[in-house]
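Here is the file work_34.cif (mmCIF, C-alpha atoms (C1' of nucleotides)).
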data_run
loop_
_atom_site.group_PDB
_atom_site.id
_atom_site.type_symbol
_atom_site.label_atom_id
_atom_site.label_comp_id
_atom_site.auth_asym_id
_atom_site.auth_seq_id
_atom_site.Cartn_x
_atom_site.Cartn_y
_atom_site.Cartn_z
ATOM 1 C CA MET A 1 14.656 -71.118 59.124
ATOM 2 C CA PRO A 2 17.645 -73.426 58.909
ATOM 3 C CA LYS A 3 20.687 -71.265 58.184
ATOM 4 C CA TYR A 4 22.939 -74.159 57.148
ATOM 5 C CA LEU A 5 21.190 -74.067 53.801
ATOM 6 C CA ASP A 6 22.812 -70.722 52.957
ATOM 7 C CA PRO A 7 26.138 -72.182 51.802
ATOM 8 C CA VAL A 8 24.422 -75.126 50.123
ATOM 9 C CA PHE A 9 22.300 -72.949 47.860
ATOM 10 C CA ALA A 10 25.203 -70.537 47.325
ATOM 11 C CA ALA A 11 27.450 -73.415 46.278
ATOM 12 C CA LEU A 12 24.902 -74.696 43.781
ATOM 13 C CA SER A 13 24.295 -71.279 42.242
ATOM 14 C CA ASP A 14 27.394 -71.758 40.107
ATOM 15 C CA PRO A 15 27.225 -73.966 36.988
ATOM 16 C CA THR A 16 30.769 -75.229 37.462
ATOM 17 C CA ARG A 17 29.941 -76.435 40.932
ATOM 18 C CA ARG A 18 26.636 -77.962 39.860
ATOM 19 C CA GLN A 19 28.449 -79.874 37.141
ATOM 20 C CA VAL A 20 30.881 -81.173 39.727
ATOM 21 C CA VAL A 21 27.996 -82.361 41.873
ATOM 22 C CA GLU A 22 26.375 -83.998 38.868
ATOM 23 C CA ARG A 23 29.631 -85.730 38.067
ATOM 24 C CA LEU A 24 30.077 -86.900 41.654
ATOM 25 C CA SER A 25 26.563 -88.284 41.736
ATOM 26 C CA GLN A 26 27.982 -90.969 39.431
ATOM 27 C CA GLY A 27 30.743 -91.796 41.904
ATOM 28 C CA PRO A 28 33.966 -90.414 43.471
ATOM 29 C CA ALA A 29 36.694 -88.744 41.428
ATOM 30 C CA SER A 30 40.080 -87.060 41.849
ATOM 31 C CA VAL A 31 40.584 -83.299 41.713
ATOM 32 C CA SER A 32 42.299 -83.288 38.327
ATOM 33 C CA GLU A 33 39.726 -85.680 36.924
ATOM 34 C CA LEU A 34 36.986 -83.295 38.039
ATOM 35 C CA ALA A 35 38.871 -80.262 36.729
ATOM 36 C CA LYS A 36 39.428 -81.680 33.242
ATOM 37 C CA PRO A 37 36.172 -80.431 31.635
ATOM 38 C CA PHE A 38 36.795 -76.850 32.713
ATOM 39 C CA ALA A 39 38.811 -74.126 31.037
ATOM 40 C CA MET A 40 39.790 -72.240 34.186
ATOM 41 C CA SER A 41 43.067 -72.491 36.066
ATOM 42 C CA LEU A 42 43.456 -75.292 38.563
ATOM 43 C CA PRO A 43 43.657 -72.966 41.599
ATOM 44 C CA ALA A 44 40.411 -71.374 40.505
ATOM 45 C CA PHE A 45 38.805 -74.770 40.145
ATOM 46 C CA VAL A 46 40.085 -75.984 43.491
ATOM 47 C CA GLN A 47 38.494 -72.902 45.035
ATOM 48 C CA HIS A 48 35.163 -74.161 43.716
ATOM 49 C CA LEU A 49 35.795 -77.512 45.337
ATOM 50 C CA GLY A 50 36.508 -75.629 48.551
ATOM 51 C CA VAL A 51 33.148 -73.915 48.367
ATOM 52 C CA LEU A 52 31.425 -77.256 47.803
ATOM 53 C CA GLU A 53 33.269 -78.909 50.656
ATOM 54 C CA ASP A 54 32.628 -76.004 53.048
ATOM 55 C CA SER A 55 28.937 -76.257 52.224
ATOM 56 C CA GLY A 56 28.955 -79.917 53.191
ATOM 57 C CA LEU A 57 27.830 -81.059 49.759
ATOM 58 C CA ILE A 58 31.035 -82.959 49.090
ATOM 59 C CA GLY A 59 33.780 -84.539 51.109
ATOM 60 C CA SER A 60 37.330 -85.489 50.202
ATOM 61 C CA ARG A 61 40.258 -87.617 51.302
ATOM 62 C CA LYS A 62 43.853 -87.435 50.268
ATOM 63 C CA GLN A 63 45.855 -90.566 49.613
ATOM 64 C CA GLY A 64 49.386 -89.959 48.399
ATOM 65 C CA ARG A 65 49.275 -87.013 46.051
ATOM 66 C CA VAL A 66 45.732 -87.667 44.942
ATOM 67 C CA ARG A 67 42.688 -86.111 46.589
ATOM 68 C CA THR A 68 39.509 -88.026 45.971
ATOM 69 C CA CYS A 69 36.174 -86.224 46.245
ATOM 70 C CA TYR A 70 32.773 -87.754 46.865
ATOM 71 C CA LEU A 71 29.194 -86.613 47.234
ATOM 72 C CA GLU A 72 27.818 -86.094 50.725
ATOM 73 C CA ARG A 73 24.251 -87.358 50.376
ATOM 74 C CA ALA A 74 23.111 -85.991 53.729
ATOM 75 C CA ALA A 75 23.481 -82.382 52.568
ATOM 76 C CA LEU A 76 21.518 -83.151 49.447
ATOM 77 C CA ASP A 77 18.787 -84.722 51.543
ATOM 78 C CA ARG A 78 18.520 -81.628 53.734
ATOM 79 C CA LEU A 79 18.259 -79.507 50.612
ATOM 80 C CA ASP A 80 15.540 -81.730 49.231
ATOM 81 C CA GLY A 81 13.763 -81.504 52.557
ATOM 82 C CA TRP A 82 13.503 -77.739 52.313
ATOM 83 C CA VAL A 83 12.283 -77.820 48.722
ATOM 84 C CA ALA A 84 9.720 -80.470 49.542
ATOM 85 C CA GLN A 85 8.493 -78.365 52.434
ATOM 86 C CA VAL A 86 7.811 -75.220 50.410
ATOM 87 C CA GLN A 87 6.391 -77.306 47.616
ATOM 88 C CA GLY A 88 3.770 -78.487 50.037
ATOM 89 C CA TYR A 89 5.162 -81.949 49.553
ATOM 90 C CA TRP A 90 4.178 -83.270 52.943
ATOM 91 C CA GLU A 91 0.736 -81.855 52.637
ATOM 92 C CA THR A 92 0.013 -83.714 49.425
ATOM 93 C CA ARG A 93 1.998 -86.888 50.107
ATOM 94 C CA LEU A 94 0.933 -87.311 53.720
ATOM 95 C CA GLY A 95 -2.566 -86.439 52.605
ATOM 96 C CA ALA A 96 -2.431 -89.266 50.104
ATOM 97 C CA LEU A 97 -0.938 -91.555 52.733
ATOM 98 C CA THR A 98 -3.644 -90.914 55.304
ATOM 99 C CA ASP A 99 -6.296 -91.281 52.623
ATOM 100 C CA TYR A 100 -4.796 -94.628 51.822
ATOM 101 C CA ALA A 101 -4.581 -95.652 55.471
ATOM 102 C CA GLN A 102 -8.212 -94.686 56.035
ATOM 103 C CA ALA A 103 -9.304 -96.612 52.975
ATOM 104 C CA ARG A 104 -7.443 -99.679 54.263
ATOM 105 C CA HIS A 105 -9.014 -99.264 57.677
ATOM 106 C CA GLN A 106 -12.443 -99.012 56.136
ATOM 107 C CA GLN A 107 -11.791 -101.982 53.897
ATOM 108 C CA ASN A 108 -10.604 -104.140 56.817
ATOM 109 C CA ARG A 109 -13.745 -103.328 58.768
ATOM 110 C CA GLU A 110 -15.932 -104.250 55.852
ATOM 111 C CA GLU A 111 -14.091 -107.542 55.442
ATOM 112 C CA ARG A 112 -14.568 -108.402 59.111
ATOM 113 C CA GLU A 113 -18.268 -107.546 58.938
ATOM 114 C CA SER A 114 -19.000 -109.522 55.797
ATOM 115 C CA MET B 1 23.427 -78.570 32.487
ATOM 116 C CA PRO B 2 20.410 -76.266 32.693
ATOM 117 C CA LYS B 3 21.696 -72.741 33.274
ATOM 118 C CA TYR B 4 18.350 -71.287 34.334
ATOM 119 C CA LEU B 5 19.002 -72.835 37.729
ATOM 120 C CA ASP B 6 21.788 -70.328 38.415
ATOM 121 C CA PRO B 7 19.491 -67.497 39.528
ATOM 122 C CA VAL B 8 17.177 -69.904 41.351
ATOM 123 C CA PHE B 9 19.927 -71.260 43.585
ATOM 124 C CA ALA B 10 21.437 -67.796 43.972
ATOM 125 C CA ALA B 11 18.081 -66.405 45.051
ATOM 126 C CA LEU B 12 17.617 -69.124 47.652
ATOM 127 C CA SER B 13 21.095 -68.725 49.107
ATOM 128 C CA ASP B 14 19.822 -65.801 51.160
ATOM 129 C CA PRO B 15 17.819 -66.477 54.346
ATOM 130 C CA THR B 16 15.611 -63.433 53.829
ATOM 131 C CA ARG B 17 14.589 -64.672 50.414
ATOM 132 C CA ARG B 18 14.066 -68.223 51.618
ATOM 133 C CA GLN B 19 11.784 -66.905 54.337
ATOM 134 C CA VAL B 20 9.812 -65.013 51.723
ATOM 135 C CA VAL B 21 9.416 -68.187 49.683
ATOM 136 C CA GLU B 22 8.348 -70.077 52.795
ATOM 137 C CA ARG B 23 5.801 -67.388 53.531
ATOM 138 C CA LEU B 24 4.497 -67.399 49.979
ATOM 139 C CA SER B 25 4.106 -71.167 50.046
ATOM 140 C CA GLN B 26 1.186 -70.419 52.386
ATOM 141 C CA GLY B 27 -0.391 -68.081 49.849
ATOM 142 C CA PRO B 28 0.043 -64.678 48.146
ATOM 143 C CA ALA B 29 0.935 -61.508 50.030
ATOM 144 C CA SER B 30 1.624 -57.813 49.445
ATOM 145 C CA VAL B 31 5.117 -56.300 49.463
ATOM 146 C CA SER B 32 4.704 -54.532 52.800
ATOM 147 C CA GLU B 33 3.106 -57.595 54.336
ATOM 148 C CA LEU B 34 6.119 -59.638 53.247
ATOM 149 C CA ALA B 35 8.545 -56.971 54.434
ATOM 150 C CA LYS B 36 7.079 -56.701 57.937
ATOM 151 C CA PRO B 37 9.181 -59.450 59.608
ATOM 152 C CA PHE B 38 12.444 -57.916 58.434
ATOM 153 C CA ALA B 39 14.533 -55.178 60.010
ATOM 154 C CA MET B 40 16.008 -53.818 56.784
ATOM 155 C CA SER B 41 14.838 -50.791 54.798
ATOM 156 C CA LEU B 42 12.012 -51.253 52.347
ATOM 157 C CA PRO B 43 14.156 -50.544 49.262
ATOM 158 C CA ALA B 44 16.603 -53.188 50.403
ATOM 159 C CA PHE B 45 13.784 -55.654 50.885
ATOM 160 C CA VAL B 46 12.219 -54.879 47.538
ATOM 161 C CA GLN B 47 15.570 -55.637 45.968
ATOM 162 C CA HIS B 48 15.291 -59.128 47.426
ATOM 163 C CA LEU B 49 11.864 -59.483 45.861
ATOM 164 C CA GLY B 50 13.403 -58.394 42.573
ATOM 165 C CA VAL B 51 15.992 -61.150 42.813
ATOM 166 C CA LEU B 52 13.261 -63.692 43.518
ATOM 167 C CA GLU B 53 11.128 -62.473 40.657
ATOM 168 C CA ASP B 54 14.051 -62.388 38.203
ATOM 169 C CA SER B 55 14.824 -65.972 39.149
ATOM 170 C CA GLY B 56 11.289 -66.995 38.294
ATOM 171 C CA LEU B 57 10.566 -68.258 41.798
ATOM 172 C CA ILE B 58 7.880 -65.677 42.416
ATOM 173 C CA GLY B 59 5.574 -63.531 40.335
ATOM 174 C CA SER B 60 3.734 -60.334 41.163
ATOM 175 C CA ARG B 61 0.888 -58.142 39.997
ATOM 176 C CA LYS B 62 0.119 -54.588 40.905
ATOM 177 C CA GLN B 63 -3.427 -53.460 41.508
ATOM 178 C CA GLY B 64 -3.762 -49.855 42.579
ATOM 179 C CA ARG B 65 -0.871 -49.068 44.893
ATOM 180 C CA VAL B 66 -0.535 -52.632 46.159
ATOM 181 C CA ARG B 67 1.744 -55.200 44.596
ATOM 182 C CA THR B 68 0.780 -58.770 45.391
ATOM 183 C CA CYS B 69 3.407 -61.513 45.174
ATOM 184 C CA TYR B 70 2.840 -65.214 44.714
ATOM 185 C CA LEU B 71 4.901 -68.360 44.418
ATOM 186 C CA GLU B 72 5.699 -69.678 40.963
ATOM 187 C CA ARG B 73 5.468 -73.428 41.481
ATOM 188 C CA ALA B 74 7.014 -74.293 38.113
ATOM 189 C CA ALA B 75 10.407 -72.894 39.145
ATOM 190 C CA LEU B 76 10.276 -74.866 42.353
ATOM 191 C CA ASP B 77 9.474 -78.002 40.400
ATOM 192 C CA ARG B 78 12.460 -77.516 38.108
ATOM 193 C CA LEU B 79 14.654 -77.049 41.159
ATOM 194 C CA ASP B 80 13.293 -80.214 42.696
ATOM 195 C CA GLY B 81 13.924 -81.999 39.421
ATOM 196 C CA TRP B 82 17.602 -81.189 39.512
ATOM 197 C CA VAL B 83 17.969 -82.244 43.137
ATOM 198 C CA ALA B 84 16.111 -85.479 42.496
ATOM 199 C CA GLN B 85 18.382 -86.189 39.567
ATOM 200 C CA VAL B 86 21.665 -85.879 41.472
ATOM 201 C CA GLN B 87 20.132 -87.721 44.377
ATOM 202 C CA GLY B 88 19.609 -90.639 42.081
ATOM 203 C CA TYR B 89 15.958 -90.249 42.922
ATOM 204 C CA TRP B 90 14.589 -92.150 39.959
ATOM 205 C CA GLU B 91 17.101 -94.892 40.421
ATOM 206 C CA THR B 92 16.107 -95.520 44.032
ATOM 207 C CA ARG B 93 12.382 -94.826 43.746
ATOM 208 C CA LEU B 94 11.879 -96.766 40.551
ATOM 209 C CA GLY B 95 14.077 -99.459 42.035
ATOM 210 C CA ALA B 96 11.800 -99.642 45.054
ATOM 211 C CA LEU B 97 8.773 -99.671 42.792
ATOM 212 C CA THR B 98 9.994 -102.583 40.706
ATOM 213 C CA ASP B 99 11.011 -104.434 43.857
ATOM 214 C CA TYR B 100 7.501 -103.941 45.119
ATOM 215 C CA ALA B 101 5.964 -105.002 41.826
ATOM 216 C CA GLN B 102 8.093 -108.124 41.769
ATOM 217 C CA ALA B 103 7.168 -108.992 45.332
ATOM 218 C CA ARG B 104 3.487 -108.596 44.448
ATOM 219 C CA HIS B 105 3.950 -110.760 41.429
ATOM 220 C CA GLN B 106 5.647 -113.438 43.483
ATOM 221 C CA GLN B 107 3.002 -113.199 46.180
ATOM 222 C CA ASN B 108 0.188 -113.531 43.659
ATOM 223 C CA ARG B 109 1.761 -116.651 42.221
ATOM 224 C CA GLU B 110 2.096 -118.214 45.646
ATOM 225 C CA GLU B 111 -1.500 -117.450 46.437
ATOM 226 C CA ARG B 112 -2.682 -119.041 43.216
ATOM 227 C CA GLU B 113 -0.596 -122.132 43.901
ATOM 228 C CA SER B 114 -1.714 -122.638 47.489
ATOM 229 C "C1'" DT C 1 67.803 -89.097 42.550
ATOM 230 C "C1'" DT C 2 65.566 -86.716 39.302
ATOM 231 C "C1'" DG C 3 61.689 -85.232 36.635
ATOM 232 C "C1'" DA C 4 56.957 -85.125 36.156
ATOM 233 C "C1'" DT C 5 52.485 -85.130 38.441
ATOM 234 C "C1'" DA C 6 49.010 -83.467 41.607
ATOM 235 C "C1'" DC C 7 47.835 -80.368 43.984
ATOM 236 C "C1'" DT C 8 48.553 -76.036 47.473
ATOM 237 C "C1'" DT C 9 49.630 -71.318 48.905
ATOM 238 C "C1'" DA C 10 50.074 -66.478 48.173
ATOM 239 C "C1'" DA C 11 49.015 -62.159 46.420
ATOM 240 C "C1'" DC C 12 46.461 -59.358 43.535
ATOM 241 C "C1'" DT C 13 42.299 -57.446 40.415
ATOM 242 C "C1'" DA C 14 37.560 -56.933 38.866
ATOM 243 C "C1'" DT C 15 32.892 -57.656 39.468
ATOM 244 C "C1'" DT C 16 28.786 -58.497 42.051
ATOM 245 C "C1'" DG C 17 25.756 -58.383 46.114
ATOM 246 C "C1'" DA C 18 23.618 -56.451 50.145
ATOM 247 C "C1'" DC C 19 22.708 -52.846 52.336
ATOM 248 C "C1'" DC C 20 21.918 -47.675 53.208
ATOM 249 C "C1'" DT C 21 19.589 -42.700 52.762
ATOM 250 C "C1'" DA C 22 17.025 -39.457 50.278
ATOM 251 C "C1'" DA C 23 13.707 -38.141 47.249
ATOM 252 C "C1'" DG C 24 9.946 -39.214 43.890
ATOM 253 C "C1'" DT C 25 5.329 -41.173 42.076
ATOM 254 C "C1'" DA C 26 0.897 -43.062 42.254
ATOM 255 C "C1'" DT C 27 -3.256 -44.330 44.685
ATOM 256 C "C1'" DC C 28 -6.689 -44.370 48.344
ATOM 257 C "C1'" DG C 29 -9.606 -42.496 52.114
ATOM 258 C "C1'" DT C 30 -11.842 -38.445 53.934
ATOM 259 C "C1'" DA D 1 -8.061 -31.485 47.371
ATOM 260 C "C1'" DC D 2 -4.904 -33.267 50.863
ATOM 261 C "C1'" DG D 3 -2.549 -36.324 53.781
ATOM 262 C "C1'" DA D 4 -1.238 -40.874 54.398
ATOM 263 C "C1'" DT D 5 0.035 -45.238 52.330
ATOM 264 C "C1'" DA D 6 2.584 -48.267 49.252
ATOM 265 C "C1'" DC D 7 5.827 -48.634 46.861
ATOM 266 C "C1'" DT D 8 9.839 -46.925 43.267
ATOM 267 C "C1'" DT D 9 14.034 -44.664 41.682
ATOM 268 C "C1'" DA D 10 18.618 -42.887 42.267
ATOM 269 C "C1'" DG D 11 23.024 -42.976 44.017
ATOM 270 C "C1'" DG D 12 26.497 -44.446 46.963
ATOM 271 C "C1'" DT D 13 29.338 -47.653 50.461
ATOM 272 C "C1'" DC D 14 31.538 -51.893 51.731
ATOM 273 C "C1'" DA D 15 32.528 -56.758 51.803
ATOM 274 C "C1'" DA D 16 32.571 -61.034 49.424
ATOM 275 C "C1'" DT D 17 33.210 -63.821 45.119
ATOM 276 C "C1'" DA D 18 35.482 -65.419 40.935
ATOM 277 C "C1'" DG D 19 39.060 -65.230 38.537
ATOM 278 C "C1'" DT D 20 44.211 -64.515 37.509
ATOM 279 C "C1'" DT D 21 49.633 -65.663 37.668
ATOM 280 C "C1'" DA D 22 53.577 -67.244 40.089
ATOM 281 C "C1'" DA D 23 55.861 -70.043 43.089
ATOM 282 C "C1'" DG D 24 55.945 -73.846 46.498
ATOM 283 C "C1'" DT D 25 55.380 -78.832 48.459
ATOM 284 C "C1'" DA D 26 54.785 -83.623 48.332
ATOM 285 C "C1'" DT D 27 54.475 -88.007 45.975
ATOM 286 C "C1'" DC D 28 55.240 -91.381 42.357
ATOM 287 C "C1'" DA D 29 57.834 -93.587 38.526
ATOM 288 C "C1'" DA D 30 61.970 -94.611 36.239
#
Let me see whether you can do it: turn the structure in this file into structure tokens.
Amino acid sequence: MPKYLDPVFAALSDPTRRQVVERLSQGPASVSELAKPFAMSLPAFVQHLGVLEDSGLIGSRKQGRVRTCYLERAALDRLDGWVAQVQGYWETRLGALTDYAQARHQQNREERES
Amino acid sequence: MPKYLDPVFAALSDPTRRQVVERLSQGPASVSELAKPFAMSLPAFVQHLGVLEDSGLIGSRKQGRVRTCYLERAALDRLDGWVAQVQGYWETRLGALTDYAQARHQQNREERES
DNA sequence: TTGATACTTAACTATTGACCTAAGTATCGT
DNA sequence: ACGATACTTAGGTCAATAGTTAAGTATCAA
């Protein structure tokens, strides 16, 4: 049971933070740019960014007085991996894949024999 | 921004609850069966089940004195939908698909012309 | 160099979440 | 009918989260 998923799920349990992730999936943005849609105080908002960054879902770099945030795809991939696992994703997809591979194998043999 | 995801992510931010979901992905189980791997008190554990059920991730039915819990796949699918969206899933997968289709198309033309 | 911009830090409050123990209810097996 | 089983309800503790205001620092633009 991979424990690193704790902060990822916790981070995404908040609508503000999910909206930030959705926004960042379109490309990087500055802190104030990200904060604009929200009514809360800036410190409160920055705390949300902190939660997201601690979880590994986003990263950030500061140039001059501007901090630019970006999505960290790797974290999202790990999340997707867990969901796929409990969905029985690999069972069905790999099942389909091996079915396909076996059909190909069979087909090749028939072609050789004909 | 679908708000029903709040309780889903919140529910999965706890390792106990994720383990329960993992267990239930193998098939239904009773409360005490689910509780067995955990050190905590039964009331505490049942609270976790309550969180999962409120989130829609699991369902349960009581027959006699036994409550049986099962995974609610629909909730998991909605979760996966959100993740896929911010991953740019459709962009990349559909992109790959059209690439493939175009390659096929090209290949077919070459075969006809040879 | 001065004022505005873009955060950052600090300190505090209110709510929620995760656990506990203790006691209660409903069902099943004998 | 009676004891054991499988939860359920009630009530309380403690730490963590989400928000606030106020004040500070660092950069850019004129």
What residues in chain B lie within 7 Å of chain C, counting all atoms listed in the file, written as an MDAnalysis selection string?
chainID B and resid 44 64:65
I need the residue nearest chain B from this list: D:DA6, D:DC14, D:DA22, D:DA29. Use only C-alpha atoms (C1' of nucleotides) for the distance.
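With only C-alpha atoms (C1' of nucleotides) as the atom set, the closest residue is D:DA6.
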Would you mind telling me which residue in A:Gly27, A:Gly56, A:Gly88, A:Gly50 lies nearest to chain B when using all atoms listed in the file?
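Closest to chain B, using all atoms listed in the file: A:Gly88.
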Interface rows for chain B against chain D: nearest pair, Å to one decimal, 12 Å, only C-alpha atoms (C1' of nucleotides), as a tab-separated table:
residue	atom	partner	partner_atom	distance
B:Ser30	CA	D:DA6	C1'	9.6
B:Val31	CA	D:DC7	C1'	8.1
B:Ser32	CA	D:DA6	C1'	7.5
B:Glu33	CA	D:DA6	C1'	10.6
B:Ala35	CA	D:DC7	C1'	11.6
B:Leu42	CA	D:DC7	C1'	8.7
B:Pro43	CA	D:DT8	C1'	8.2
B:Ala44	CA	D:DT8	C1'	11.7
B:Phe45	CA	D:DC7	C1'	11.3
B:Val46	CA	D:DC7	C1'	9.0
B:Gln47	CA	D:DT8	C1'	10.8
B:Lys62	CA	D:DC7	C1'	10.2
B:Gln63	CA	D:DA6	C1'	11.1
B:Gly64	CA	D:DA6	C1'	9.3
B:Arg65	CA	D:DA6	C1'	5.6
B:Val66	CA	D:DA6	C1'	6.2
B:Arg67	CA	D:DC7	C1'	8.1
B:Thr68	CA	D:DA6	C1'	11.3
Residue by residue, what does the PyMOL selection byres ((chain B) within 12 of (chain A)) grab here? Present the result as a VMD selection string.
chain B and resid 1 to 27 55 57 71 to 89 91
Å distance separating CA of His48 in chain A from CA of Ile58 in chain B, one decimal place:
28.6 Å
Could you write out as AutoDock Vina command-line options the box around range 8-11 of chain C (axis-aligned, all atoms listed in the file, 6 Å on each side), with centre and edge lengths in Å to one decimal?
--center_x 49.3 --center_y -69.1 --center_z 47.7 --size_x 13.5 --size_y 25.9 --size_z 14.5
Quick one: distance from CA of Leu34 in chain A to CA of Val51 in chain A in Å, one decimal?
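The value is 14.5 Å.
Between CA of Cys69 in chain B and CA of Asp54 in chain B the separation is 12.8 Å.
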Could you model N, CA and C atoms for range 68-84 of chain A and present them as a short mmCIF file (atom, residue, chain, number, x, y, z; two decimals), in the frame of the given file?
data_model
loop_
_atom_site.label_atom_id
_atom_site.label_comp_id
_atom_site.auth_asym_id
_atom_site.auth_seq_id
_atom_site.Cartn_x
_atom_site.Cartn_y
_atom_site.Cartn_z
N THR A 68 40.73 -87.47 46.55
CA THR A 68 39.51 -88.03 45.97
C THR A 68 38.29 -87.36 46.61
N CYS A 69 37.38 -86.90 45.77
CA CYS A 69 36.17 -86.22 46.24
C CYS A 69 34.95 -87.11 46.05
N TYR A 70 34.00 -86.95 46.95
CA TYR A 70 32.77 -87.75 46.86
C TYR A 70 31.59 -86.92 47.32
N LEU A 71 30.42 -87.33 46.89
CA LEU A 71 29.19 -86.61 47.23
C LEU A 71 28.77 -86.94 48.66
N GLU A 72 28.31 -85.91 49.37
CA GLU A 72 27.82 -86.09 50.72
C GLU A 72 26.29 -86.09 50.65
N ARG A 73 25.70 -87.26 50.63
CA ARG A 73 24.25 -87.36 50.38
C ARG A 73 23.40 -86.63 51.42
N ALA A 74 23.90 -86.60 52.65
CA ALA A 74 23.11 -85.99 53.73
C ALA A 74 22.76 -84.55 53.41
N ALA A 75 23.73 -83.79 52.88
CA ALA A 75 23.48 -82.38 52.57
C ALA A 75 22.40 -82.27 51.50
N LEU A 76 22.49 -83.15 50.53
CA LEU A 76 21.52 -83.15 49.45
C LEU A 76 20.12 -83.48 49.99
N ASP A 77 20.07 -84.35 50.95
CA ASP A 77 18.79 -84.72 51.54
C ASP A 77 18.17 -83.54 52.29
N ARG A 78 19.02 -82.79 53.01
CA ARG A 78 18.52 -81.63 53.73
C ARG A 78 17.98 -80.58 52.77
N LEU A 79 18.70 -80.42 51.66
CA LEU A 79 18.26 -79.51 50.61
C LEU A 79 16.90 -79.94 50.08
N ASP A 80 16.79 -81.19 49.76
CA ASP A 80 15.54 -81.73 49.23
C ASP A 80 14.41 -81.55 50.24
N GLY A 81 14.76 -81.68 51.51
CA GLY A 81 13.76 -81.50 52.56
C GLY A 81 13.15 -80.11 52.52
N TRP A 82 14.01 -79.12 52.36
CA TRP A 82 13.50 -77.74 52.31
C TRP A 82 12.60 -77.53 51.10
N VAL A 83 13.06 -77.99 49.95
CA VAL A 83 12.28 -77.82 48.72
C VAL A 83 10.93 -78.51 48.86
N ALA A 84 10.96 -79.72 49.37
CA ALA A 84 9.72 -80.47 49.54
C ALA A 84 8.76 -79.72 50.45
#
